[in-house]
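All remarks here apply to the structure that follows.
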Amino acid sequence: MASRLAKIAGLAAAGAAVGTLLLAERARPLRKQTREALPRLARNGAMGAACQAVIMVSEGPITEAIAQENKRRKRGLQHAIGGWPGRIAAVLLMDYTYYLWHVATHKVPFLWRFHRVHHLDPDMDMSTAVRFHAADMLISTPMRMLQVRISGADPETHNLWRGFFLGSVLFHHSNLRLPESVDAALANVVTTPRLHGIHHSQRLDEMDSNWSAGFTLWDKLHGTLRTDVPQEEITIGVDDPLAERDIALLPALQAPFREARETDEFAPS
Ligand SMILES: [Zn+2]
């Protein structure tokens, strides 16, 4: 009963945090939006719902089963270290492998076809965080399985990481204008809206930076952290000749398949 109440309280707190962020990004926008809000929100929301449906029948139960096995057999990094240091190590390993996966989704043409759909959004706010191609959820499942297996995350650690990852992704895609000093202080530890705005730039040299999904440590270690681009100079989106046509819902869903050869031609490398 108590754990059920704690779960409900946790969900309510998370819902309140997301609601506050949704209001805040509208009250204090970081970048001027270039398109009408409602069609974008509807489109991104529909894509997010499709992704969630795919996750619920594939990645979700599969990674949960692996995490259960990690706990039962006491295997993987978390259990090799043990205790809270083990949990922290497992979370860090999952965060780092996500950094590597994100780089791969830009650099491997087949993966870029799908990740491009996320970057096609011509404005960026919290709804961009859920704008992914549903097939992307299937394509990333083997990576997620490997991630959970080698980190040895048990279900509790896996949920901890999931909460951190989701919160971070919603936060850094948001269009929230934090005071510059606050954004800069946070950027020492986690990816912020300003940092991720640079990653969503149409310019390749700007897009090729700030890949971290959670901790900015990985960008620092790889020398890929960029803080020097003012937000008003950024044009959000993808700079290829097919981008404008592919923004809408149906073309976006078809693009990775229909335009395979054409899109590869413009893949950033
Ligand atoms: Zn990206």
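Starting from 1 in every chain, residues are counted up; chains themselves are A, B, ... following the order of the structure tokens, and ligands are numbered from 1 as listed.
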For region 92-109 of chain A, work out the shell of residues within 10 Å, counting only C-alpha atoms and skipping chain neighbours fewer than 5 positions away, then give it as a short mmCIF file (atom, residue, chain, number, x, y, z; two decimals) with all heavy atoms, in the first residue's frame.
```
data_model
loop_
_atom_site.label_atom_id
_atom_site.label_comp_id
_atom_site.auth_asym_id
_atom_site.auth_seq_id
_atom_site.Cartn_x
_atom_site.Cartn_y
_atom_site.Cartn_z
N LEU A 77 28.04 -4.93 -14.82
CA LEU A 77 28.85 -3.94 -14.09
C LEU A 77 28.28 -3.60 -12.71
O LEU A 77 29.01 -3.54 -11.72
CB LEU A 77 28.98 -2.66 -14.93
CG LEU A 77 29.88 -1.57 -14.36
CD1 LEU A 77 31.34 -2.02 -14.35
CD2 LEU A 77 29.74 -0.27 -15.16
N GLN A 78 26.99 -3.36 -12.64
CA GLN A 78 26.39 -2.98 -11.35
C GLN A 78 26.72 -3.99 -10.26
O GLN A 78 27.11 -3.62 -9.15
CB GLN A 78 24.86 -2.84 -11.47
CG GLN A 78 24.25 -2.48 -10.12
CD GLN A 78 22.73 -2.46 -10.11
OE1 GLN A 78 22.09 -2.17 -11.11
NE2 GLN A 78 22.14 -2.75 -8.96
N GLY A 86 27.80 0.69 -7.50
CA GLY A 86 27.45 -0.15 -8.65
C GLY A 86 26.28 0.43 -9.43
O GLY A 86 26.29 0.45 -10.67
N ARG A 87 25.28 0.91 -8.72
CA ARG A 87 24.11 1.52 -9.39
C ARG A 87 24.54 2.76 -10.19
O ARG A 87 24.14 2.94 -11.34
CB ARG A 87 23.08 1.99 -8.35
CG ARG A 87 22.25 0.87 -7.77
CD ARG A 87 21.06 1.43 -7.01
NE ARG A 87 20.51 0.43 -6.12
CZ ARG A 87 19.71 -0.56 -6.52
NH1 ARG A 87 19.38 -0.66 -7.78
NH2 ARG A 87 19.26 -1.45 -5.66
N PHE A 114 16.43 7.56 -40.04
CA PHE A 114 15.39 7.55 -39.01
C PHE A 114 15.58 8.71 -38.02
O PHE A 114 14.63 9.39 -37.67
CB PHE A 114 15.37 6.20 -38.29
CG PHE A 114 14.95 5.08 -39.21
CD1 PHE A 114 15.89 4.39 -39.97
CD2 PHE A 114 13.61 4.76 -39.36
CE1 PHE A 114 15.50 3.39 -40.85
CE2 PHE A 114 13.22 3.76 -40.24
CZ PHE A 114 14.16 3.08 -40.99
N HIS A 115 16.83 8.94 -37.61
CA HIS A 115 17.08 10.02 -36.64
C HIS A 115 16.80 11.38 -37.28
O HIS A 115 16.42 12.34 -36.60
CB HIS A 115 18.52 9.94 -36.12
CG HIS A 115 18.78 10.86 -34.97
ND1 HIS A 115 18.08 10.82 -33.79
CD2 HIS A 115 19.67 11.90 -34.82
CE1 HIS A 115 18.52 11.76 -32.97
NE2 HIS A 115 19.48 12.43 -33.57
N ARG A 116 16.96 11.46 -38.59
CA ARG A 116 16.67 12.70 -39.34
C ARG A 116 15.24 13.17 -39.09
O ARG A 116 14.98 14.37 -39.02
CB ARG A 116 16.91 12.44 -40.83
CG ARG A 116 16.51 13.57 -41.76
CD ARG A 116 16.89 13.20 -43.20
NE ARG A 116 16.35 14.16 -44.18
CZ ARG A 116 15.17 14.04 -44.74
NH1 ARG A 116 14.37 13.02 -44.45
NH2 ARG A 116 14.75 14.95 -45.63
N ASP A 136 12.28 3.69 -35.32
CA ASP A 136 13.50 3.98 -34.59
C ASP A 136 13.53 3.22 -33.26
O ASP A 136 14.58 2.80 -32.78
CB ASP A 136 13.56 5.49 -34.30
CG ASP A 136 14.95 6.05 -34.47
OD1 ASP A 136 15.88 5.26 -34.63
OD2 ASP A 136 15.10 7.29 -34.43
N SER A 140 16.56 0.70 -32.37
CA SER A 140 17.46 0.93 -31.22
C SER A 140 17.33 -0.17 -30.15
O SER A 140 18.09 -0.18 -29.19
CB SER A 140 17.20 2.30 -30.60
OG SER A 140 15.87 2.40 -30.15
N MET A 143 20.48 -2.22 -29.30
CA MET A 143 21.42 -1.38 -28.54
C MET A 143 20.97 -1.29 -27.08
O MET A 143 21.77 -1.43 -26.15
CB MET A 143 21.48 0.01 -29.18
CG MET A 143 22.40 1.00 -28.52
SD MET A 143 21.77 1.84 -27.03
CE MET A 143 20.36 2.75 -27.67
N ARG A 144 19.67 -1.10 -26.87
CA ARG A 144 19.13 -0.99 -25.51
C ARG A 144 19.34 -2.31 -24.73
O ARG A 144 19.66 -2.29 -23.55
CB ARG A 144 17.64 -0.62 -25.55
CG ARG A 144 17.36 0.77 -26.06
CD ARG A 144 17.48 1.81 -24.95
NE ARG A 144 16.50 1.59 -23.91
CZ ARG A 144 16.81 1.27 -22.64
NH1 ARG A 144 18.06 1.15 -22.26
NH2 ARG A 144 15.86 1.09 -21.75
N LEU A 146 21.73 -4.52 -25.19
CA LEU A 146 23.15 -4.62 -24.88
C LEU A 146 23.51 -3.70 -23.70
O LEU A 146 24.24 -4.08 -22.79
CB LEU A 146 23.94 -4.21 -26.14
CG LEU A 146 25.41 -4.59 -26.19
CD1 LEU A 146 25.54 -6.11 -26.23
CD2 LEU A 146 26.06 -3.98 -27.44
N GLN A 147 22.93 -2.49 -23.76
CA GLN A 147 23.16 -1.49 -22.73
C GLN A 147 22.76 -2.03 -21.33
O GLN A 147 23.52 -1.91 -20.38
CB GLN A 147 22.24 -0.32 -23.10
CG GLN A 147 22.67 1.02 -22.68
CD GLN A 147 21.63 2.05 -23.12
OE1 GLN A 147 20.45 1.78 -23.27
NE2 GLN A 147 22.10 3.27 -23.30
N VAL A 148 21.57 -2.60 -21.27
CA VAL A 148 21.07 -3.10 -19.98
C VAL A 148 21.87 -4.33 -19.56
O VAL A 148 22.22 -4.49 -18.39
CB VAL A 148 19.55 -3.41 -20.06
CG1 VAL A 148 19.04 -3.94 -18.72
CG2 VAL A 148 18.77 -2.16 -20.45
N ILE A 150 25.13 -5.22 -20.34
CA ILE A 150 26.50 -5.00 -19.86
C ILE A 150 26.54 -4.12 -18.61
O ILE A 150 27.42 -4.27 -17.77
CB ILE A 150 27.45 -4.43 -20.95
CG1 ILE A 150 26.94 -3.11 -21.49
CG2 ILE A 150 27.71 -5.43 -22.06
CD1 ILE A 150 27.93 -2.40 -22.41
N SER A 151 25.56 -3.22 -18.48
CA SER A 151 25.55 -2.38 -17.27
C SER A 151 25.13 -3.20 -16.07
O SER A 151 25.40 -2.83 -14.93
CB SER A 151 24.60 -1.19 -17.45
OG SER A 151 23.26 -1.65 -17.44
N GLY A 152 24.43 -4.31 -16.34
CA GLY A 152 23.95 -5.15 -15.23
C GLY A 152 22.87 -4.49 -14.41
O GLY A 152 22.59 -4.92 -13.28
N ALA A 153 22.24 -3.44 -14.95
CA ALA A 153 21.21 -2.70 -14.20
C ALA A 153 20.09 -3.64 -13.77
O ALA A 153 19.57 -4.41 -14.58
CB ALA A 153 20.64 -1.59 -15.07
N HIS A 158 17.45 0.38 -13.53
CA HIS A 158 16.98 0.66 -14.86
C HIS A 158 15.88 1.75 -14.83
O HIS A 158 15.87 2.66 -15.64
CB HIS A 158 16.45 -0.62 -15.52
CG HIS A 158 16.21 -0.49 -16.99
ND1 HIS A 158 15.14 -1.05 -17.61
CD2 HIS A 158 16.90 0.19 -17.95
CE1 HIS A 158 15.18 -0.74 -18.91
NE2 HIS A 158 16.24 0.00 -19.13
N TRP A 161 17.50 5.10 -14.13
CA TRP A 161 18.09 5.66 -15.35
C TRP A 161 16.99 6.17 -16.30
O TRP A 161 17.12 7.25 -16.86
CB TRP A 161 18.94 4.60 -16.08
CG TRP A 161 19.40 5.12 -17.40
CD1 TRP A 161 20.44 5.99 -17.61
CD2 TRP A 161 18.81 4.87 -18.68
NE1 TRP A 161 20.53 6.28 -18.95
CE2 TRP A 161 19.54 5.60 -19.62
CE3 TRP A 161 17.74 4.09 -19.11
CZ2 TRP A 161 19.23 5.60 -20.98
CZ3 TRP A 161 17.44 4.08 -20.46
CH2 TRP A 161 18.17 4.82 -21.38
N ARG A 162 15.92 5.39 -16.43
CA ARG A 162 14.82 5.79 -17.33
C ARG A 162 14.23 7.14 -16.92
O ARG A 162 13.97 8.00 -17.76
CB ARG A 162 13.71 4.74 -17.29
CG ARG A 162 13.78 3.78 -18.47
CD ARG A 162 12.40 3.28 -18.81
NE ARG A 162 12.12 2.08 -18.05
CZ ARG A 162 11.91 0.90 -18.63
NH1 ARG A 162 11.97 0.78 -19.93
NH2 ARG A 162 11.63 -0.14 -17.90
N PHE A 164 15.72 9.49 -15.12
CA PHE A 164 16.74 10.52 -15.36
C PHE A 164 16.80 10.87 -16.85
O PHE A 164 16.81 12.04 -17.25
CB PHE A 164 18.10 10.02 -14.87
CG PHE A 164 19.27 10.84 -15.33
CD1 PHE A 164 19.43 12.16 -14.91
CD2 PHE A 164 20.21 10.31 -16.21
CE1 PHE A 164 20.51 12.92 -15.36
CE2 PHE A 164 21.28 11.06 -16.66
CZ PHE A 164 21.43 12.37 -16.23
N PHE A 165 16.81 9.84 -17.69
CA PHE A 165 16.92 10.03 -19.14
C PHE A 165 15.71 10.81 -19.68
O PHE A 165 15.86 11.79 -20.40
CB PHE A 165 17.01 8.65 -19.80
CG PHE A 165 17.11 8.70 -21.30
CD1 PHE A 165 18.32 8.98 -21.92
CD2 PHE A 165 16.00 8.45 -22.10
CE1 PHE A 165 18.43 9.03 -23.31
CE2 PHE A 165 16.10 8.49 -23.49
CZ PHE A 165 17.31 8.79 -24.09
N MET A 207 25.72 20.98 -35.53
CA MET A 207 25.01 19.73 -35.26
C MET A 207 25.96 18.66 -34.71
O MET A 207 25.58 17.83 -33.88
CB MET A 207 24.35 19.24 -36.56
CG MET A 207 23.39 18.09 -36.39
SD MET A 207 22.79 17.51 -37.99
CE MET A 207 21.23 18.37 -38.14
N ASP A 208 27.21 18.69 -35.17
CA ASP A 208 28.20 17.70 -34.73
C ASP A 208 28.76 18.06 -33.36
O ASP A 208 29.99 18.05 -33.14
CB ASP A 208 29.34 17.62 -35.75
CG ASP A 208 28.98 16.72 -36.92
OD1 ASP A 208 27.93 16.04 -36.85
OD2 ASP A 208 29.74 16.70 -37.91
N SER A 209 27.92 18.42 -32.44
CA SER A 209 28.36 18.74 -31.08
C SER A 209 27.23 18.44 -30.11
O SER A 209 26.10 18.19 -30.51
CB SER A 209 28.74 20.23 -30.99
OG SER A 209 27.58 21.04 -31.07
N ASN A 210 27.57 18.46 -28.82
CA ASN A 210 26.57 18.30 -27.75
C ASN A 210 25.67 17.08 -27.97
O ASN A 210 24.45 17.19 -28.03
CB ASN A 210 25.72 19.58 -27.63
CG ASN A 210 26.59 20.80 -27.36
OD1 ASN A 210 27.76 20.67 -27.01
ND2 ASN A 210 26.03 21.98 -27.53
N TRP A 211 26.32 15.92 -28.04
CA TRP A 211 25.57 14.67 -28.28
C TRP A 211 25.03 14.06 -27.00
O TRP A 211 24.20 13.16 -27.06
CB TRP A 211 26.49 13.61 -28.92
CG TRP A 211 27.32 14.02 -30.07
CD1 TRP A 211 28.60 14.49 -30.02
CD2 TRP A 211 26.98 13.99 -31.46
NE1 TRP A 211 29.07 14.74 -31.29
CE2 TRP A 211 28.09 14.43 -32.20
CE3 TRP A 211 25.83 13.60 -32.15
CZ2 TRP A 211 28.11 14.52 -33.57
CZ3 TRP A 211 25.84 13.68 -33.53
CH2 TRP A 211 26.96 14.13 -34.22
N SER A 212 25.55 14.50 -25.85
CA SER A 212 25.16 13.86 -24.59
C SER A 212 23.66 13.94 -24.35
O SER A 212 23.05 14.99 -24.57
CB SER A 212 25.88 14.53 -23.41
OG SER A 212 27.27 14.38 -23.53
N ALA A 213 23.10 12.82 -23.86
CA ALA A 213 21.65 12.82 -23.55
C ALA A 213 21.42 13.21 -22.09
O ALA A 213 20.39 13.79 -21.76
CB ALA A 213 21.06 11.44 -23.81
N GLY A 214 22.39 12.91 -21.24
CA GLY A 214 22.24 13.21 -19.82
C GLY A 214 23.41 14.07 -19.36
O GLY A 214 23.37 15.30 -19.46
N PHE A 215 24.47 13.41 -18.88
CA PHE A 215 25.63 14.14 -18.37
C PHE A 215 26.49 14.68 -19.52
O PHE A 215 26.74 13.96 -20.49
CB PHE A 215 26.47 13.23 -17.47
CG PHE A 215 25.72 12.77 -16.25
CD1 PHE A 215 25.33 11.45 -16.11
CD2 PHE A 215 25.37 13.67 -15.25
CE1 PHE A 215 24.63 11.02 -14.99
CE2 PHE A 215 24.66 13.26 -14.13
CZ PHE A 215 24.28 11.93 -14.00
N THR A 216 26.97 15.92 -19.36
CA THR A 216 27.81 16.53 -20.40
C THR A 216 29.26 16.03 -20.35
O THR A 216 30.06 16.35 -21.22
CB THR A 216 27.81 18.07 -20.27
OG1 THR A 216 28.01 18.42 -18.90
CG2 THR A 216 26.52 18.65 -20.77
N LEU A 217 29.55 15.22 -19.33
CA LEU A 217 30.88 14.64 -19.16
C LEU A 217 31.39 14.02 -20.46
O LEU A 217 32.56 14.16 -20.84
CB LEU A 217 30.81 13.58 -18.05
CG LEU A 217 32.03 12.73 -17.78
CD1 LEU A 217 33.18 13.59 -17.27
CD2 LEU A 217 31.69 11.64 -16.75
N TRP A 218 30.51 13.32 -21.20
CA TRP A 218 30.93 12.58 -22.41
C TRP A 218 31.34 13.54 -23.52
O TRP A 218 32.31 13.30 -24.22
CB TRP A 218 29.81 11.64 -22.86
CG TRP A 218 29.12 11.00 -21.70
CD1 TRP A 218 27.80 11.09 -21.36
CD2 TRP A 218 29.73 10.20 -20.65
NE1 TRP A 218 27.55 10.41 -20.19
CE2 TRP A 218 28.71 9.86 -19.74
CE3 TRP A 218 31.03 9.75 -20.41
CZ2 TRP A 218 28.95 9.08 -18.60
CZ3 TRP A 218 31.28 8.98 -19.27
CH2 TRP A 218 30.25 8.65 -18.40
N ASP A 219 30.60 14.65 -23.66
CA ASP A 219 31.00 15.66 -24.65
C ASP A 219 32.34 16.29 -24.24
O ASP A 219 33.17 16.58 -25.10
CB ASP A 219 29.92 16.74 -24.76
CG ASP A 219 28.83 16.37 -25.75
OD1 ASP A 219 29.17 16.02 -26.90
OD2 ASP A 219 27.65 16.40 -25.37
N ALA A 260 15.28 6.40 -49.30
CA ALA A 260 16.53 5.85 -48.80
C ALA A 260 17.75 6.31 -49.58
O ALA A 260 18.69 6.85 -49.01
CB ALA A 260 16.46 4.32 -48.80
N ARG A 261 17.69 6.15 -50.90
CA ARG A 261 18.87 6.47 -51.67
C ARG A 261 19.13 7.98 -51.68
O ARG A 261 20.22 8.44 -51.47
CB ARG A 261 18.73 5.94 -53.10
CG ARG A 261 20.05 5.41 -53.60
CD ARG A 261 19.93 4.79 -54.96
NE ARG A 261 19.07 3.62 -55.00
CZ ARG A 261 18.17 3.39 -55.96
NH1 ARG A 261 18.03 4.25 -56.95
NH2 ARG A 261 17.44 2.31 -55.95
N THR A 263 18.07 10.25 -49.50
CA THR A 263 18.44 10.80 -48.20
C THR A 263 19.90 10.48 -47.89
O THR A 263 20.61 11.31 -47.34
CB THR A 263 17.52 10.26 -47.09
OG1 THR A 263 16.18 10.47 -47.51
CG2 THR A 263 17.74 10.99 -45.78
N ASP A 264 20.33 9.27 -48.26
CA ASP A 264 21.73 8.90 -48.00
C ASP A 264 22.70 9.88 -48.67
O ASP A 264 23.76 10.17 -48.15
CB ASP A 264 22.02 7.49 -48.53
CG ASP A 264 21.44 6.43 -47.59
OD1 ASP A 264 20.87 6.82 -46.57
OD2 ASP A 264 21.55 5.24 -47.91
N GLU A 265 22.26 10.36 -49.84
CA GLU A 265 23.10 11.28 -50.58
C GLU A 265 23.41 12.54 -49.76
O GLU A 265 24.47 13.14 -49.88
CB GLU A 265 22.37 11.65 -51.87
CG GLU A 265 23.28 12.17 -52.96
CD GLU A 265 22.44 12.56 -54.16
OE1 GLU A 265 21.57 11.74 -54.58
OE2 GLU A 265 22.63 13.67 -54.66
N PHE A 266 22.43 12.92 -48.92
CA PHE A 266 22.60 14.16 -48.14
C PHE A 266 22.94 13.85 -46.68
O PHE A 266 22.90 14.73 -45.85
CB PHE A 266 21.32 14.99 -48.20
CG PHE A 266 20.88 15.30 -49.60
CD1 PHE A 266 19.68 14.81 -50.09
CD2 PHE A 266 21.69 16.05 -50.43
CE1 PHE A 266 19.30 15.08 -51.38
CE2 PHE A 266 21.31 16.32 -51.73
CZ PHE A 266 20.11 15.82 -52.21
N ALA A 267 23.23 12.58 -46.38
CA ALA A 267 23.52 12.23 -44.98
C ALA A 267 24.78 12.95 -44.52
O ALA A 267 25.76 13.02 -45.24
CB ALA A 267 23.71 10.72 -44.85
N PRO A 268 24.73 13.53 -43.32
CA PRO A 268 25.94 14.21 -42.82
C PRO A 268 27.01 13.19 -42.50
O PRO A 268 26.72 12.17 -41.89
CB PRO A 268 25.45 14.89 -41.54
CG PRO A 268 24.22 14.16 -41.14
CD PRO A 268 23.65 13.52 -42.35
N SER A 269 28.24 13.41 -42.97
CA SER A 269 29.29 12.46 -42.63
C SER A 269 30.57 13.19 -42.31
O SER A 269 30.68 14.38 -42.54
CB SER A 269 29.50 11.48 -43.78
OG SER A 269 29.75 12.20 -44.95
#
```
May I have the residues within 12 Å of Pro230 (chain A) as a compact mmCIF listing (two decimals) with N, CA, C and O atoms, in the first residue's frame, using only C-alpha atoms and disregarding those fewer than 5 positions away in the same chain?
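Saved result, result-v5.txt, follows:
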```
# COMPACT_ATOMS: atom_id res chain seq x y z
N LEU A 30 13.11 30.55 -25.36
CA LEU A 30 14.54 30.72 -25.63
C LEU A 30 14.79 31.12 -27.08
O LEU A 30 15.59 31.99 -27.37
N ARG A 31 14.08 30.46 -28.00
CA ARG A 31 14.20 30.77 -29.43
C ARG A 31 12.83 31.16 -29.97
O ARG A 31 11.80 30.65 -29.50
N GLU A 180 21.15 33.06 -18.32
CA GLU A 180 22.35 32.49 -18.93
C GLU A 180 23.30 31.85 -17.93
O GLU A 180 23.88 30.79 -18.19
N PRO A 193 18.89 23.30 -22.45
CA PRO A 193 18.22 23.74 -23.69
C PRO A 193 19.16 24.49 -24.64
O PRO A 193 19.10 24.30 -25.85
N ARG A 194 20.05 25.32 -24.10
CA ARG A 194 20.98 26.05 -24.99
C ARG A 194 21.93 25.09 -25.69
O ARG A 194 22.18 25.20 -26.90
N LEU A 195 22.49 24.14 -24.94
CA LEU A 195 23.43 23.17 -25.54
C LEU A 195 22.73 22.35 -26.63
O LEU A 195 23.27 22.18 -27.73
N GLY A 197 20.07 23.04 -28.27
CA GLY A 197 19.67 23.90 -29.39
C GLY A 197 20.77 23.95 -30.45
O GLY A 197 20.51 23.92 -31.65
N ILE A 198 22.02 23.98 -29.98
CA ILE A 198 23.16 24.00 -30.92
C ILE A 198 23.22 22.69 -31.70
O ILE A 198 23.46 22.67 -32.91
N SER A 201 20.94 22.56 -34.72
CA SER A 201 21.19 23.54 -35.78
C SER A 201 21.28 22.85 -37.14
O SER A 201 21.71 21.70 -37.23
N GLU A 206 27.79 22.71 -36.22
CA GLU A 206 27.09 22.90 -34.95
C GLU A 206 26.33 21.64 -34.54
O GLU A 206 26.31 21.26 -33.37
N THR A 235 19.55 28.23 -36.87
CA THR A 235 18.36 27.84 -37.62
C THR A 235 18.14 26.36 -37.33
O THR A 235 18.96 25.51 -37.68
```
Next item on the list: Mind checking which residues fall within 12 Å of Phe257 (chain A), counting only C-alpha atoms, ignoring those fewer than 6 positions away in the same chain, and posting them as a ChimeraX atom specification?
Entry: /A:110-114,117,133,135,250-251,263-264
Selection from above, N, CA, C and O atoms, as a short mmCIF file (atom, residue, chain, number, x, y, z; two decimals), in the first residue's frame, can you write it?
```
data_model
loop_
_atom_site.label_atom_id
_atom_site.label_comp_id
_atom_site.auth_asym_id
_atom_site.auth_seq_id
_atom_site.Cartn_x
_atom_site.Cartn_y
_atom_site.Cartn_z
N PHE A 110 22.17 4.63 -42.66
CA PHE A 110 20.90 3.92 -42.41
C PHE A 110 20.24 4.44 -41.14
O PHE A 110 19.02 4.64 -41.10
N LEU A 111 21.03 4.67 -40.08
CA LEU A 111 20.46 5.16 -38.82
C LEU A 111 20.02 6.61 -38.95
O LEU A 111 19.02 7.03 -38.37
N TRP A 112 20.77 7.39 -39.73
CA TRP A 112 20.43 8.81 -39.92
C TRP A 112 19.06 8.98 -40.59
O TRP A 112 18.30 9.89 -40.27
N ARG A 113 18.71 8.08 -41.52
CA ARG A 113 17.41 8.17 -42.18
C ARG A 113 16.29 8.29 -41.16
O ARG A 113 15.31 8.99 -41.37
N PHE A 114 16.43 7.56 -40.04
CA PHE A 114 15.39 7.55 -39.01
C PHE A 114 15.58 8.71 -38.02
O PHE A 114 14.63 9.39 -37.67
N VAL A 117 14.31 12.22 -38.93
CA VAL A 117 12.91 12.54 -38.71
C VAL A 117 12.76 13.38 -37.42
O VAL A 117 11.97 14.31 -37.35
N HIS A 133 10.68 8.63 -35.20
CA HIS A 133 10.02 7.65 -36.05
C HIS A 133 9.80 6.38 -35.22
O HIS A 133 10.72 5.92 -34.55
N ALA A 135 9.67 3.36 -36.00
CA ALA A 135 10.59 2.27 -36.35
C ALA A 135 11.94 2.44 -35.66
O ALA A 135 12.66 1.46 -35.43
N LEU A 250 2.87 12.44 -42.56
CA LEU A 250 2.97 11.27 -43.46
C LEU A 250 4.30 11.22 -44.21
O LEU A 250 4.96 10.17 -44.21
N PRO A 251 4.72 12.35 -44.82
CA PRO A 251 6.05 12.30 -45.47
C PRO A 251 7.16 11.94 -44.50
O PRO A 251 8.09 11.21 -44.86
N THR A 263 18.07 10.25 -49.50
CA THR A 263 18.44 10.80 -48.20
C THR A 263 19.90 10.48 -47.89
O THR A 263 20.61 11.31 -47.34
N ASP A 264 20.33 9.27 -48.26
CA ASP A 264 21.73 8.90 -48.00
C ASP A 264 22.70 9.88 -48.67
O ASP A 264 23.76 10.17 -48.15
#
```
Next item on the list: State, in Å with one decimal place, the distance from CA of Ile55 (chain A) to CA of Thr141 (chain A).
Entry: 8.9 Å
Margin query: I need the residue nearest ligand 1 from this list: A:Leu176, A:Leu120, A:Leu41, A:Ala243. Use only C-alpha atoms and all ligand atoms for the distance.
Written below: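 Ranked by minimum distance to ligand 1, first place goes to A:Leu120.
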Check: Could you name the residues that touch region 16-19 of chain A at 9 Å or less, counting only C-alpha atoms, but leaving out those on the same chain fewer than 5 positions away, as a ChimeraX atom specification?
Finding: /A:11,24,167,170-171
Next item on the list: Quick one: pull the distance between CA of Leu38 (chain A) and CA of Arg203 (chain A), Å, one decimal.
Entry: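 Between CA of Leu38 (chain A) and CA of Arg203 (chain A) the gap works out to 26.4 Å.
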Next item on the list: Give me every helix (DSSP H, G or I) residue in region 7-255 of chain A, going by DSSP on the backbone, as a ChimeraX atom specification.
Entry: /A:7-27,37-57,59-73,76-81,83-107,109-119,126-130,134-139,141-151,155-173,180-187,193-199,204-207,217-222,231-233,243-246,249-255
Env of Gln68 (chain A): 8 Å cut, atoms = only C-alpha atoms, seq-sep filter 4 positions within chain, self excluded. Answer as a PDB file with all heavy atoms, in the first residue's frame.
```
ATOM      1  N   GLU A  64      13.127  -4.954 -19.586  1.00  0.00           N
ATOM      2  CA  GLU A  64      12.683  -5.265 -18.209  1.00  0.00           C
ATOM      3  C   GLU A  64      13.087  -6.707 -17.858  1.00  0.00           C
ATOM      4  O   GLU A  64      13.587  -6.973 -16.765  1.00  0.00           O
ATOM      5  CB  GLU A  64      11.160  -5.067 -18.122  1.00  0.00           C
ATOM      6  CG  GLU A  64      10.509  -5.446 -16.799  1.00  0.00           C
ATOM      7  CD  GLU A  64      10.962  -4.585 -15.612  1.00  0.00           C
ATOM      8  OE1 GLU A  64      11.383  -3.433 -15.857  1.00  0.00           O
ATOM      9  OE2 GLU A  64      10.905  -5.081 -14.468  1.00  0.00           O
ATOM     10  N   ARG A  72      18.680 -11.445 -10.815  1.00  0.00           N
ATOM     11  CA  ARG A  72      18.639 -12.840 -10.387  1.00  0.00           C
ATOM     12  C   ARG A  72      20.035 -13.483 -10.427  1.00  0.00           C
ATOM     13  O   ARG A  72      20.439 -14.171  -9.516  1.00  0.00           O
ATOM     14  CB  ARG A  72      17.681 -13.618 -11.292  1.00  0.00           C
ATOM     15  CG  ARG A  72      17.168 -14.923 -10.706  1.00  0.00           C
ATOM     16  CD  ARG A  72      16.127 -15.566 -11.601  1.00  0.00           C
ATOM     17  NE  ARG A  72      16.670 -16.026 -12.872  1.00  0.00           N
ATOM     18  CZ  ARG A  72      17.319 -17.174 -13.050  1.00  0.00           C
ATOM     19  NH1 ARG A  72      17.474 -17.992 -12.049  1.00  0.00           N
ATOM     20  NH2 ARG A  72      17.785 -17.513 -14.235  1.00  0.00           N
ATOM     21  N   ASP A 154      19.744  -3.596 -12.478  1.00  0.00           N
ATOM     22  CA  ASP A 154      18.570  -4.349 -12.024  1.00  0.00           C
ATOM     23  C   ASP A 154      17.338  -3.478 -12.304  1.00  0.00           C
ATOM     24  O   ASP A 154      17.485  -2.327 -12.744  1.00  0.00           O
ATOM     25  CB  ASP A 154      18.730  -4.773 -10.557  1.00  0.00           C
ATOM     26  CG  ASP A 154      18.791  -3.591  -9.600  1.00  0.00           C
ATOM     27  OD1 ASP A 154      18.449  -2.464 -10.012  1.00  0.00           O
ATOM     28  OD2 ASP A 154      19.198  -3.795  -8.448  1.00  0.00           O
ATOM     29  N   PRO A 155      16.118  -3.986 -12.102  1.00  0.00           N
ATOM     30  CA  PRO A 155      14.936  -3.181 -12.464  1.00  0.00           C
ATOM     31  C   PRO A 155      14.904  -1.810 -11.781  1.00  0.00           C
ATOM     32  O   PRO A 155      14.499  -0.823 -12.389  1.00  0.00           O
ATOM     33  CB  PRO A 155      13.766  -4.061 -12.011  1.00  0.00           C
ATOM     34  CG  PRO A 155      14.291  -5.457 -12.125  1.00  0.00           C
ATOM     35  CD  PRO A 155      15.735  -5.363 -11.723  1.00  0.00           C
TER      36      PRO A 155
END
```
Note to self: Could you tell me how far CA of Ala42 (chain A) sits from CA of Ser58 (chain A), in Å to one decimal place?
What the structure shows: 24.4 Å
Check: Can you tell me, as a count of residues only, what residues are no more than 8 Å from His118 (chain A) when counting only C-alpha atoms, ignoring any on the same chain fewer than 6 positions away?
Finding: 4
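In this comparison, which uses only C-alpha atoms and all ligand atoms, the residue of A:Asn44, A:Ser127, A:Gln202, A:Ser181 approaching ligand 1 most closely is A:Gln202.
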Item checked: Best match for closeness to ligand 1 among A:Ile8, A:Glu69, A:Glu59, A:His196, counting only C-alpha atoms and all ligand atoms ->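 The shortest atom-to-atom distance to ligand 1 comes from A:His196.
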Check: Which residue, A:Arg226, A:Arg258, A:Arg245, A:His173, has the smallest gap to ligand 1 when you use only C-alpha atoms and all ligand atoms?
Finding: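 Selected residue with least distance to ligand 1: A:His173.
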